[in-house]
Amino acid sequence: MSDNKKVMTKLCFVYGLIITFVNYLGFLVPSSGGMPVLETAAYTEWIDFMRRHNTIITAFSVISFVFPIGLCVFYSFSKRPKFTAHFINLPFAFSAIGTLGWILSFLMELICLMFSGIGFNYEMIQIILSSLANILQEAIFIFTFSFLIMDFIHRKYVLPWLFPEGHLNRYIIRLKPSVRFIVLVFYFSVGIFPMFYLTSMLIITAHNENITIDPVIFGVLAFIGVFGIVISVTFCNYFDSPLRKLKQAAEKVKAGDYRQQVRIVSNDSFGELADTFNEMTASLDEKTRKIYAIQDSIIRGMAVMVESRDNSTGGHINRTSDCVKVFSERLQDESRYRQVMTPEFTSALIKAAPMHDLGKIAVDDAVLRKNGRFTDEEYEKMKVHSAEGARIVEQVLTQVDDEEFKQIAIHVAHYHHEKWNGEGYPEKLSGNDIPFEARIMALADVFDALVSKRCYKDSFSYDKAFSIIEESLGTHFDPELGRIFIDCRPELELLYDGYKV
C-alpha cells in the first residue's frame with residue numbers, strides 16, 4: 001500500500017498540472033464579457049481605476065490563481081485512509097476546486113469596486129453582470145474540460161491499475177459523481193457552454209457593429225436551451241432510474257434477501273440486465289431454500305438421533321416444535337410482543353426448537369435410558385445437558401451466517417430449564433434476565449412433558465396440565481407469557497389430539 005501511496009502522490013501532481021493547464025486555457029479563451037456596455041463613461045472610469053491600481057489587481061489575480069492550487073495540495077496530502085478516498089474522488093474534487101479561483105476573482109473585483117468610489121449606478125451594474133457572465137463561462141469551461149480529461153484517465157487507466165480487485169465502496173467517499181451528474185457534465189460540455197459562449201459573442205459583435213438582432217433569434221436560442229435541458233433530464237432518468245433500482249435490489253441481495261426482483265420492462269440493455277438479475281436472484285433463492293432445507297433436516301435428524309437414546313421422550317422433538325409454532329403465532333397477534341415476534345425471529349425460533357435437548361448426547365446412557373425417576377445424583381448428571389447443548393449448538397452452527405438464528409438456538413438449548421424465580425438451571429437466571437426465546441421454549445417443553453406419557457408417570461389431562469402451568473406463573477414461568485400460553489388452549493388441544501389419531 002505504501003508503494004501505491006507514492007504512485008498516488010505523483011498522480012496528484014500530474015492531475016494538478018492538468019487543472020493548471022486548463023485554467024491557463026481559460027485565460028486564453030476569448031472573453032465574452034463586456035456585453036453591450038463597451039465604451040460607456042462608467043466602463044472607461046472602471047478601466048482607468050484598474051490601471052491605476054495595477055499592482056493590487058495583479059496581486060489579486062495571482063491569489064485567485066494560486067488559491068485553487070493550494071487547496072488541491074491540501075486536499076491531496078491527507079492521512080490514510082482519507083488519502084485513498086480523496087484520491088479515488090480526485091477528478092471531481094480537483095475540477096470543483098479549479099473553478100474556485102474564478103469565483104474568488106469575481107469577489108475580489110466586487111471588493112475593488114466597493115473601494116473605487118465609482119458607485120453602483122445602472123451602468124456599473126451592467127459591468128458587474130457582464131463580469132459575472134464571463135466568470136460563469138470560464139468556470140463552466142474549467143470544470144467540464146478538466147473533469148472530462150481527468151475522469152477519462154482515472155476510470156480508463158488509473159483506478160483499474162491501482163485497484164485491480166475493485167471494491168472502491170469500502171472507502172468512505174462523501175461526494176460520488178452519480179450517473180445523473182456525469183450526464184449533466186456532458187450536456188454542459190457539448191451544449192450549454194458552446195451555446196452560452198456563442199450567444200455572448202453574438203450579442204457583443206452585434207453591439208459593436210450596431211446590428212439589431214431579431215428577437216426571434218433569441219427565442220430560438222432559448223427554445224434550444226430549454227429543449228436541451230429536457231433532453232438532458234430525460235437521459236438522466238433513462239440511465240439513473242434503472243441503475244438505482246438495480247443497486248437497491250443488489251444491496252438487499254447482499255444482505256441475504258434473495259427474493260428480490262427488479263421491475264424494468266424495456267427491450268434495451270437495461271431490460272436485459274434486469275431479466276438476468278431476476279433470473280440470478282430466483283436461482284439463488286431456490287438454491288438457498290434447498291440449503292436451508294438440508295440444514296433443517298440435518299438439525300432435526302441430530303435431534304431425533306439424540307431423542308432415540310431417551311426411552312422416555314418419544315416424539316418430544318416434533319411435539320415441542322409444533323407447540324412453539326402455535327404459541328409463536330399467537331404471540332405475533334399480541335401488540336406488546338409484535339416488535340419482538342418479527343417473522344425472522346419467529347422462523348428462527350421454530351427452527352431452533354428441535355435443538356433444545358441436543359445436550360442429552362453428552363449424558364450417560366445409564367442415566368438417559370433409565371426406567372423410573374432419577375436419584376439426586378442422576379438428576380445432577382442430567383442437568384448438564386443444558387450447558388452442553390449450548391456448546392454443541394454453537395459448534396454445529398459455526399459456519400451458519402444467520403447470527404440471529406445462532407443466538408436463538410444457543411439460548412433455547414442453554415436456558416430452557418431456567419425458572420422465573422431464579423431456581424432453575426444451569427445459570428439460575430431469573431425474570432427478564434432469562435432470554436425471551438428460552439421462556440417460550442420452557443412453556444412448550446413443560447406442557448409436552450405434562451400431557452405426554454413418561455416411563456415414570458401417565459399423561460396428565462389437559463385440565464390438570466393447564467392448572468399446573470397456571471399455578472406456576474411467577475415462579476416457574478413468565479406470568480405474562482404463561483397467560484397467553486393458557487389462552488392457546490383450544491389450538492394446543494387440537495394439536496395434541498391429532499397426535500393421538
# chains A, B, ... in the order shown; residues from 1 in each chain; ligands from 1

call {"tool": "residues_around", "arguments": {"residues": "Lys428 (chain A)", "least_positions_apart": "4", "cutoff": "9 Å", "atoms": "only C-alpha atoms", "output": "MDAnalysis selection string"}}
result
chainID A and resid 418:419 421:424

call {"tool": "write_last_selection", "arguments": {"atoms": "N, CA, C and O atoms", "output": "mmCIF file, in the first residue's frame"}}
result
data_model
loop_
_atom_site.group_PDB
_atom_site.id
_atom_site.type_symbol
_atom_site.label_atom_id
_atom_site.label_comp_id
_atom_site.auth_asym_id
_atom_site.auth_seq_id
_atom_site.Cartn_x
_atom_site.Cartn_y
_atom_site.Cartn_z
ATOM 1 N N GLU A 418 -34.358 -22.704 32.918
ATOM 2 C CA GLU A 418 -34.323 -21.628 33.913
ATOM 3 C C GLU A 418 -35.754 -21.337 34.379
ATOM 4 O O GLU A 418 -36.718 -21.566 33.638
ATOM 5 N N LYS A 419 -35.877 -20.845 35.602
ATOM 6 C CA LYS A 419 -37.203 -20.530 36.161
ATOM 7 C C LYS A 419 -37.307 -19.044 36.474
ATOM 8 O O LYS A 419 -36.315 -18.387 36.796
ATOM 9 N N ASN A 421 -38.346 -17.508 38.981
ATOM 10 C CA ASN A 421 -37.930 -17.105 40.333
ATOM 11 C C ASN A 421 -36.444 -17.343 40.595
ATOM 12 O O ASN A 421 -35.955 -17.143 41.715
ATOM 13 N N GLY A 422 -35.706 -17.789 39.586
ATOM 14 C CA GLY A 422 -34.264 -17.960 39.731
ATOM 15 C C GLY A 422 -33.840 -19.293 40.293
ATOM 16 O O GLY A 422 -32.653 -19.478 40.600
ATOM 17 N N GLU A 423 -34.759 -20.248 40.408
ATOM 18 C CA GLU A 423 -34.416 -21.548 41.000
ATOM 19 C C GLU A 423 -34.196 -22.635 39.950
ATOM 20 O O GLU A 423 -34.142 -23.815 40.264
ATOM 21 N N GLY A 424 -34.074 -22.235 38.689
ATOM 22 C CA GLY A 424 -33.835 -23.218 37.637
ATOM 23 C C GLY A 424 -32.356 -23.486 37.449
ATOM 24 O O GLY A 424 -31.528 -23.177 38.309
#

call {"tool": "residues_around", "arguments": {"residues": "region 10-26 of chain A", "least_positions_apart": "3", "cutoff": "8 Å", "atoms": "only C-alpha atoms", "output": "PyMOL selection string"}}
result
chain A and resi 6-7+29+69+72+76+87+90-91+94-95+98+138+141-142+145-146+150

call {"tool": "closest_residue", "arguments": {"among": "A:Ala139, A:Ala222, A:Ile153, A:Ile468", "to": "Val446 (chain A)", "atoms": "only C-alpha atoms"}}
result
A:Ile468

call {"tool": "residues_around", "arguments": {"residues": "region 277-281 of chain A", "least_positions_apart": "6", "cutoff": "12 Å", "atoms": "only C-alpha atoms", "output": "NGL selection string"}}
result
:A and (242-243 or 245-247 or 249-250 or 252-254 or 256-265 or 270-271 or 287-289)

call {"tool": "atom_distance", "arguments": {"atom1": "CA of Arg439 (chain A)", "atom2": "CA of His476 (chain A)"}}
result
9.6 Å

call {"tool": "atom_distance", "arguments": {"atom1": "CA of Met355 (chain A)", "atom2": "CA of Asp463 (chain A)"}}
result
28.4 Å

call {"tool": "atom_distance", "arguments": {"atom1": "CA of Glu394 (chain A)", "atom2": "CA of Thr346 (chain A)"}}
result
19.5 Å

call {"tool": "closest_residue", "arguments": {"among": "A:Tyr425, A:Phe106, A:Tyr292, A:Phe147", "to": "Ser386 (chain A)", "atoms": "only C-alpha atoms"}}
result
A:Tyr425

call {"tool": "closest_residue", "arguments": {"among": "A:Ala413, A:Asn267, A:Phe186, A:Tyr496", "to": "Val451 (chain A)", "atoms": "only C-alpha atoms"}}
result
A:Tyr496

call {"tool": "closest_residue", "arguments": {"among": "A:Tyr499, A:Asp151, A:Met441, A:Gly431", "to": "Gly474 (chain A)", "atoms": "only C-alpha atoms"}}
result
A:Gly431

call {"tool": "residues_around", "arguments": {"residues": "Trp102 (chain A)", "least_positions_apart": "4", "cutoff": "12 Å", "atoms": "only C-alpha atoms", "output": "ChimeraX atom specification"}}
result
/A:23-24,26-27,60-68,96-98,106-109,131-143

call {"tool": "write_last_selection", "arguments": {"atoms": "N, CA, C and O atoms", "output": "compact mmCIF listing (two decimals), in the first residue's frame"}}
result
# COMPACT_ATOMS: atom_id res chain seq x y z
N ASN A 23 -6.81 25.80 -16.50
CA ASN A 23 -7.04 27.17 -16.04
C ASN A 23 -6.33 28.17 -16.95
O ASN A 23 -6.85 29.25 -17.24
N TYR A 24 -5.13 27.79 -17.39
CA TYR A 24 -4.40 28.67 -18.31
C TYR A 24 -5.16 28.80 -19.63
O TYR A 24 -5.23 29.90 -20.20
N GLY A 26 -8.25 28.70 -19.88
CA GLY A 26 -9.37 29.58 -19.58
C GLY A 26 -9.02 31.04 -19.80
O GLY A 26 -9.85 31.83 -20.25
N PHE A 27 -7.75 31.38 -19.47
CA PHE A 27 -7.30 32.76 -19.72
C PHE A 27 -7.23 33.06 -21.21
O PHE A 27 -7.45 34.19 -21.65
N PHE A 60 -4.16 40.35 -6.76
CA PHE A 60 -5.43 39.63 -6.62
C PHE A 60 -5.54 38.51 -7.66
O PHE A 60 -6.01 37.41 -7.36
N SER A 61 -5.10 38.78 -8.88
CA SER A 61 -5.16 37.77 -9.94
C SER A 61 -4.27 36.57 -9.59
O SER A 61 -4.65 35.42 -9.80
N VAL A 62 -3.06 36.89 -9.05
CA VAL A 62 -2.14 35.81 -8.67
C VAL A 62 -2.76 34.97 -7.54
O VAL A 62 -2.71 33.73 -7.56
N ILE A 63 -3.36 35.66 -6.57
CA ILE A 63 -4.01 34.95 -5.46
C ILE A 63 -5.12 34.04 -5.96
O ILE A 63 -5.25 32.88 -5.55
N SER A 64 -5.94 34.57 -6.88
CA SER A 64 -7.05 33.77 -7.40
C SER A 64 -6.56 32.58 -8.21
O SER A 64 -7.26 31.58 -8.35
N PHE A 65 -5.32 32.68 -8.74
CA PHE A 65 -4.75 31.56 -9.49
C PHE A 65 -4.07 30.56 -8.55
O PHE A 65 -4.15 29.35 -8.75
N VAL A 66 -3.40 31.07 -7.52
CA VAL A 66 -2.65 30.21 -6.59
C VAL A 66 -3.58 29.53 -5.58
O VAL A 66 -3.34 28.40 -5.15
N PHE A 67 -4.66 30.21 -5.21
CA PHE A 67 -5.57 29.70 -4.19
C PHE A 67 -6.07 28.28 -4.51
O PHE A 67 -6.00 27.39 -3.65
N PRO A 68 -6.57 28.00 -5.72
CA PRO A 68 -7.01 26.64 -6.02
C PRO A 68 -5.88 25.61 -5.95
O PRO A 68 -6.10 24.48 -5.53
N ALA A 96 -13.74 20.79 -9.27
CA ALA A 96 -14.53 21.74 -8.49
C ALA A 96 -13.64 22.82 -7.89
O ALA A 96 -13.96 24.01 -7.92
N ILE A 97 -12.48 22.40 -7.35
CA ILE A 97 -11.56 23.37 -6.75
C ILE A 97 -11.02 24.32 -7.80
O ILE A 97 -10.80 25.51 -7.54
N GLY A 98 -10.80 23.81 -9.03
CA GLY A 98 -10.25 24.63 -10.09
C GLY A 98 -11.12 25.83 -10.46
O GLY A 98 -10.61 26.84 -10.96
N PHE A 106 -13.88 37.07 -9.07
CA PHE A 106 -15.08 37.92 -9.17
C PHE A 106 -15.36 38.63 -7.85
O PHE A 106 -15.70 39.81 -7.82
N LEU A 107 -15.19 37.91 -6.73
CA LEU A 107 -15.42 38.52 -5.42
C LEU A 107 -14.43 39.65 -5.17
O LEU A 107 -14.78 40.70 -4.61
N MET A 108 -13.18 39.45 -5.56
CA MET A 108 -12.17 40.49 -5.40
C MET A 108 -12.50 41.71 -6.27
O MET A 108 -12.25 42.86 -5.90
N GLU A 109 -13.05 41.45 -7.45
CA GLU A 109 -13.45 42.54 -8.34
C GLU A 109 -14.55 43.37 -7.68
O GLU A 109 -14.54 44.61 -7.76
N SER A 131 -19.27 40.93 -16.09
CA SER A 131 -18.14 40.21 -15.49
C SER A 131 -18.59 38.86 -14.93
O SER A 131 -17.90 37.84 -15.08
N LEU A 132 -19.77 38.84 -14.30
CA LEU A 132 -20.30 37.59 -13.75
C LEU A 132 -20.54 36.57 -14.87
O LEU A 132 -20.23 35.38 -14.72
N ALA A 133 -21.09 37.06 -16.01
CA ALA A 133 -21.32 36.16 -17.14
C ALA A 133 -20.00 35.57 -17.63
O ALA A 133 -19.91 34.38 -17.95
N ASN A 134 -18.97 36.40 -17.66
CA ASN A 134 -17.66 35.92 -18.09
C ASN A 134 -17.10 34.88 -17.11
O ASN A 134 -16.55 33.85 -17.52
N ILE A 135 -17.26 35.16 -15.81
CA ILE A 135 -16.76 34.22 -14.79
C ILE A 135 -17.49 32.88 -14.90
O ILE A 135 -16.87 31.80 -14.81
N LEU A 136 -18.81 32.93 -15.07
CA LEU A 136 -19.57 31.69 -15.22
C LEU A 136 -19.12 30.90 -16.43
O LEU A 136 -19.00 29.67 -16.40
N GLN A 137 -18.89 31.62 -17.50
CA GLN A 137 -18.41 30.97 -18.73
C GLN A 137 -17.08 30.27 -18.47
O GLN A 137 -16.87 29.11 -18.83
N GLU A 138 -16.16 30.97 -17.82
CA GLU A 138 -14.85 30.40 -17.53
C GLU A 138 -14.97 29.21 -16.58
O GLU A 138 -14.31 28.18 -16.76
N ALA A 139 -15.83 29.34 -15.55
CA ALA A 139 -15.99 28.27 -14.56
C ALA A 139 -16.54 27.01 -15.21
O ALA A 139 -16.08 25.89 -14.93
N ILE A 140 -17.55 27.19 -16.09
CA ILE A 140 -18.12 26.04 -16.79
C ILE A 140 -17.06 25.37 -17.67
O ILE A 140 -16.92 24.14 -17.68
N PHE A 141 -16.29 26.19 -18.36
CA PHE A 141 -15.24 25.65 -19.22
C PHE A 141 -14.20 24.88 -18.41
O PHE A 141 -13.82 23.75 -18.75
N ILE A 142 -13.73 25.50 -17.31
CA ILE A 142 -12.69 24.87 -16.49
C ILE A 142 -13.19 23.55 -15.91
O ILE A 142 -12.50 22.51 -15.99
N PHE A 143 -14.38 23.57 -15.34
CA PHE A 143 -14.89 22.37 -14.66
C PHE A 143 -15.11 21.23 -15.65
O PHE A 143 -14.64 20.11 -15.44

call {"tool": "closest_residue", "arguments": {"among": "A:Lys406, A:His416, A:Arg330, A:Arg336", "to": "His356 (chain A)", "atoms": "only C-alpha atoms"}}
result
A:His416

call {"tool": "select_by_dssp", "arguments": {"residues": "region 212-357 of chain A", "states": "alpha helix (DSSP H)", "output": "MDAnalysis selection string"}}
result
chainID A and resid 215:254 269:307 316:332 343:352

call {"tool": "residues_around", "arguments": {"residues": "region 223-225 of chain A", "least_positions_apart": "5", "cutoff": "12 Å", "atoms": "only C-alpha atoms", "output": "CSV table (one decimal) with all heavy atoms, in the first residue's frame"}}
result
chain,number,residue,atom,x,y,z
A,187,TYR,N,-23.6,17.2,-20.9
A,187,TYR,CA,-24.5,18.2,-21.5
A,187,TYR,C,-24.0,19.6,-21.5
A,187,TYR,O,-24.0,20.3,-22.5
A,187,TYR,CB,-25.9,18.1,-20.9
A,187,TYR,CG,-26.8,19.2,-21.4
A,187,TYR,CD1,-27.3,19.2,-22.7
A,187,TYR,CD2,-27.2,20.2,-20.5
A,187,TYR,CE1,-28.2,20.2,-23.1
A,187,TYR,CE2,-28.1,21.2,-21.0
A,187,TYR,CZ,-28.5,21.2,-22.3
A,187,TYR,OH,-29.4,22.1,-22.7
A,188,PHE,N,-23.4,20.0,-20.3
A,188,PHE,CA,-22.9,21.3,-20.2
A,188,PHE,C,-21.7,21.5,-21.1
A,188,PHE,O,-21.4,22.6,-21.7
A,188,PHE,CB,-22.4,21.6,-18.8
A,188,PHE,CG,-23.5,22.2,-17.9
A,188,PHE,CD1,-24.4,21.4,-17.2
A,188,PHE,CD2,-23.7,23.6,-17.9
A,188,PHE,CE1,-25.4,22.0,-16.4
A,188,PHE,CE2,-24.7,24.1,-17.1
A,188,PHE,CZ,-25.5,23.3,-16.4
A,190,VAL,N,-21.0,19.9,-24.1
A,190,VAL,CA,-21.3,20.0,-25.5
A,190,VAL,C,-22.5,20.8,-25.9
A,190,VAL,O,-22.8,21.1,-27.0
A,190,VAL,CB,-21.5,18.5,-26.1
A,190,VAL,CG1,-20.3,17.7,-25.9
A,190,VAL,CG2,-22.7,17.9,-25.5
A,191,GLY,N,-23.3,21.3,-24.8
A,191,GLY,CA,-24.5,22.0,-25.1
A,191,GLY,C,-24.5,23.4,-24.5
A,191,GLY,O,-24.4,24.4,-25.3
A,192,ILE,N,-24.6,23.5,-23.2
A,192,ILE,CA,-24.7,24.8,-22.5
A,192,ILE,C,-23.5,25.7,-22.8
A,192,ILE,O,-23.7,26.9,-23.2
A,192,ILE,CB,-24.9,24.6,-21.0
A,192,ILE,CG1,-26.2,23.9,-20.8
A,192,ILE,CG2,-24.8,25.9,-20.3
A,192,ILE,CD1,-27.4,24.8,-21.1
A,193,PHE,N,-22.3,25.2,-22.6
A,193,PHE,CA,-21.1,26.0,-22.7
A,193,PHE,C,-21.0,26.6,-24.1
A,193,PHE,O,-20.8,27.8,-24.3
A,193,PHE,CB,-19.8,25.3,-22.3
A,193,PHE,CG,-18.6,26.0,-22.6
A,193,PHE,CD1,-18.2,27.2,-21.9
A,193,PHE,CD2,-17.8,25.6,-23.7
A,193,PHE,CE1,-17.1,27.9,-22.2
A,193,PHE,CE2,-16.6,26.3,-24.0
A,193,PHE,CZ,-16.3,27.4,-23.3
A,194,PRO,N,-21.0,25.8,-25.2
A,194,PRO,CA,-20.9,26.4,-26.5
A,194,PRO,C,-22.0,27.4,-26.9
A,194,PRO,O,-21.7,28.4,-27.4
A,194,PRO,CB,-20.9,25.2,-27.5
A,194,PRO,CG,-20.5,24.0,-26.6
A,194,PRO,CD,-21.0,24.3,-25.3
A,195,MET,N,-23.2,27.0,-26.5
A,195,MET,CA,-24.3,27.9,-26.8
A,195,MET,C,-24.2,29.2,-26.0
A,195,MET,O,-24.5,30.3,-26.5
A,195,MET,CB,-25.7,27.2,-26.5
A,195,MET,CG,-26.9,28.0,-27.0
A,195,MET,SD,-28.4,27.1,-26.8
A,195,MET,CE,-28.6,27.3,-25.0
A,196,PHE,N,-23.9,29.1,-24.8
A,196,PHE,CA,-23.7,30.3,-23.9
A,196,PHE,C,-22.6,31.2,-24.5
A,196,PHE,O,-22.7,32.4,-24.6
A,196,PHE,CB,-23.4,29.9,-22.5
A,196,PHE,CG,-23.2,31.0,-21.5
A,196,PHE,CD1,-24.3,31.7,-21.0
A,196,PHE,CD2,-22.0,31.5,-21.2
A,196,PHE,CE1,-24.2,32.7,-20.1
A,196,PHE,CE2,-21.8,32.6,-20.3
A,196,PHE,CZ,-22.9,33.2,-19.8
A,199,THR,N,-23.7,32.7,-27.9
A,199,THR,CA,-24.7,33.7,-27.8
A,199,THR,C,-24.1,35.0,-27.2
A,199,THR,O,-24.4,36.1,-27.7
A,199,THR,CB,-25.8,33.2,-26.8
A,199,THR,OG1,-26.4,32.0,-27.3
A,199,THR,CG2,-26.9,34.3,-26.6
A,216,VAL,N,-36.6,37.0,-32.6
A,216,VAL,CA,-36.9,35.6,-32.9
A,216,VAL,C,-35.7,34.7,-32.7
A,216,VAL,O,-35.8,33.5,-32.3
A,216,VAL,CB,-37.4,35.4,-34.4
A,216,VAL,CG1,-37.6,34.0,-34.7
A,216,VAL,CG2,-38.7,36.2,-34.6
A,217,ILE,N,-34.5,35.3,-33.0
A,217,ILE,CA,-33.3,34.5,-32.8
A,217,ILE,C,-33.1,34.2,-31.4
A,217,ILE,O,-32.7,33.0,-31.0
A,217,ILE,CB,-32.1,35.3,-33.4
A,217,ILE,CG1,-32.2,35.5,-34.9
A,217,ILE,CG2,-30.8,34.6,-33.0
A,217,ILE,CD1,-31.1,36.3,-35.5
A,218,PHE,N,-33.3,35.2,-30.5
A,218,PHE,CA,-33.2,34.9,-29.1
A,218,PHE,C,-34.3,33.8,-28.6
A,218,PHE,O,-34.0,33.0,-27.8
A,218,PHE,CB,-33.4,36.2,-28.2
A,218,PHE,CG,-32.3,37.1,-28.4
A,218,PHE,CD1,-32.4,38.3,-29.0
A,218,PHE,CD2,-31.1,36.8,-27.8
A,218,PHE,CE1,-31.4,39.2,-29.1
A,218,PHE,CE2,-30.0,37.7,-27.9
A,218,PHE,CZ,-30.2,38.9,-28.6
A,230,VAL,N,-34.5,19.6,-21.3
A,230,VAL,CA,-35.5,18.5,-21.2
A,230,VAL,C,-34.8,17.2,-21.7
A,230,VAL,O,-35.0,16.1,-21.0
A,230,VAL,CB,-36.7,18.8,-22.1
A,230,VAL,CG1,-37.6,17.6,-22.3
A,230,VAL,CG2,-37.5,20.0,-21.6
A,231,ILE,N,-34.1,17.2,-22.8
A,231,ILE,CA,-33.4,16.0,-23.3
A,231,ILE,C,-32.4,15.5,-22.2
A,231,ILE,O,-32.3,14.3,-22.0
A,231,ILE,CB,-32.6,16.3,-24.6
A,231,ILE,CG1,-33.6,16.7,-25.7
A,231,ILE,CG2,-31.7,15.2,-25.0
A,231,ILE,CD1,-34.5,15.5,-26.1
A,232,SER,N,-31.7,16.5,-21.6
A,232,SER,CA,-30.7,16.1,-20.6
A,232,SER,C,-31.3,15.4,-19.4
A,232,SER,O,-30.9,14.3,-18.9
A,232,SER,CB,-29.9,17.3,-20.1
A,232,SER,OG,-29.0,17.0,-19.0

call {"tool": "residues_around", "arguments": {"residues": "Ile408 (chain A)", "least_positions_apart": "6", "cutoff": "12 Å", "atoms": "only C-alpha atoms", "output": "PyMOL selection string"}}
result
chain A and resi 344-356+390+393-394+397+402+414-416+435-441

call {"tool": "write_last_selection", "arguments": {"atoms": "N, CA and C atoms", "output": "compact mmCIF listing (two decimals), in the first residue's frame"}}
result
# COMPACT_ATOMS: atom_id res chain seq x y z
N GLU A 344 -38.82 -12.97 11.06
CA GLU A 344 -37.49 -13.57 11.11
C GLU A 344 -37.23 -14.24 12.45
N PHE A 345 -37.62 -13.55 13.54
CA PHE A 345 -37.42 -14.11 14.87
C PHE A 345 -38.26 -15.38 15.05
N THR A 346 -39.51 -15.33 14.62
CA THR A 346 -40.42 -16.47 14.77
C THR A 346 -39.90 -17.67 13.99
N SER A 347 -39.48 -17.44 12.76
CA SER A 347 -38.95 -18.53 11.93
C SER A 347 -37.71 -19.15 12.57
N ALA A 348 -36.82 -18.30 13.08
CA ALA A 348 -35.59 -18.80 13.72
C ALA A 348 -35.92 -19.59 14.98
N LEU A 349 -36.90 -19.13 15.76
CA LEU A 349 -37.28 -19.83 17.00
C LEU A 349 -37.86 -21.20 16.69
N ILE A 350 -38.73 -21.29 15.69
CA ILE A 350 -39.34 -22.57 15.33
C ILE A 350 -38.27 -23.55 14.83
N LYS A 351 -37.29 -23.02 14.07
CA LYS A 351 -36.20 -23.87 13.58
C LYS A 351 -35.28 -24.31 14.72
N ALA A 352 -35.14 -23.46 15.74
CA ALA A 352 -34.24 -23.77 16.85
C ALA A 352 -34.85 -24.72 17.87
N ALA A 353 -36.18 -24.76 17.94
CA ALA A 353 -36.85 -25.57 18.96
C ALA A 353 -36.40 -27.03 18.99
N PRO A 354 -36.23 -27.72 17.84
CA PRO A 354 -35.79 -29.12 17.90
C PRO A 354 -34.41 -29.31 18.52
N MET A 355 -33.64 -28.24 18.66
CA MET A 355 -32.27 -28.36 19.16
C MET A 355 -32.18 -28.19 20.67
N HIS A 356 -33.33 -28.00 21.34
CA HIS A 356 -33.24 -27.62 22.75
C HIS A 356 -32.67 -28.72 23.64
N ALA A 390 -25.85 -26.02 24.64
CA ALA A 390 -25.46 -24.71 24.11
C ALA A 390 -24.10 -24.80 23.42
N VAL A 393 -24.55 -26.80 20.11
CA VAL A 393 -25.26 -25.98 19.11
C VAL A 393 -24.33 -24.93 18.53
N GLU A 394 -23.56 -24.30 19.39
CA GLU A 394 -22.64 -23.27 18.91
C GLU A 394 -21.62 -23.86 17.93
N LEU A 397 -23.37 -24.85 14.54
CA LEU A 397 -23.80 -23.71 13.72
C LEU A 397 -22.68 -22.69 13.46
N ASP A 402 -26.53 -16.81 9.61
CA ASP A 402 -27.64 -16.15 10.30
C ASP A 402 -27.34 -16.05 11.80
N HIS A 414 -29.57 -23.55 26.06
CA HIS A 414 -28.90 -23.25 27.31
C HIS A 414 -29.86 -22.93 28.46
N TYR A 415 -30.93 -22.20 28.17
CA TYR A 415 -31.72 -21.61 29.25
C TYR A 415 -33.16 -22.11 29.35
N HIS A 416 -33.52 -23.17 28.63
CA HIS A 416 -34.94 -23.57 28.66
C HIS A 416 -35.36 -24.22 29.97
N PRO A 435 -33.45 -15.22 28.58
CA PRO A 435 -33.77 -14.82 27.21
C PRO A 435 -35.22 -15.12 26.83
N PHE A 436 -35.82 -14.24 26.09
CA PHE A 436 -37.24 -14.34 25.73
C PHE A 436 -37.55 -15.67 25.06
N GLU A 437 -36.69 -16.09 24.13
CA GLU A 437 -36.94 -17.34 23.40
C GLU A 437 -36.88 -18.56 24.32
N ALA A 438 -36.04 -18.48 25.36
CA ALA A 438 -35.94 -19.60 26.31
C ALA A 438 -37.20 -19.68 27.18
N ARG A 439 -37.80 -18.54 27.51
CA ARG A 439 -39.05 -18.54 28.29
C ARG A 439 -40.19 -19.16 27.48
N ILE A 440 -40.19 -18.91 26.17
CA ILE A 440 -41.20 -19.53 25.30
C ILE A 440 -40.98 -21.04 25.26
N MET A 441 -39.72 -21.44 25.07
CA MET A 441 -39.39 -22.86 24.98
C MET A 441 -39.73 -23.60 26.27
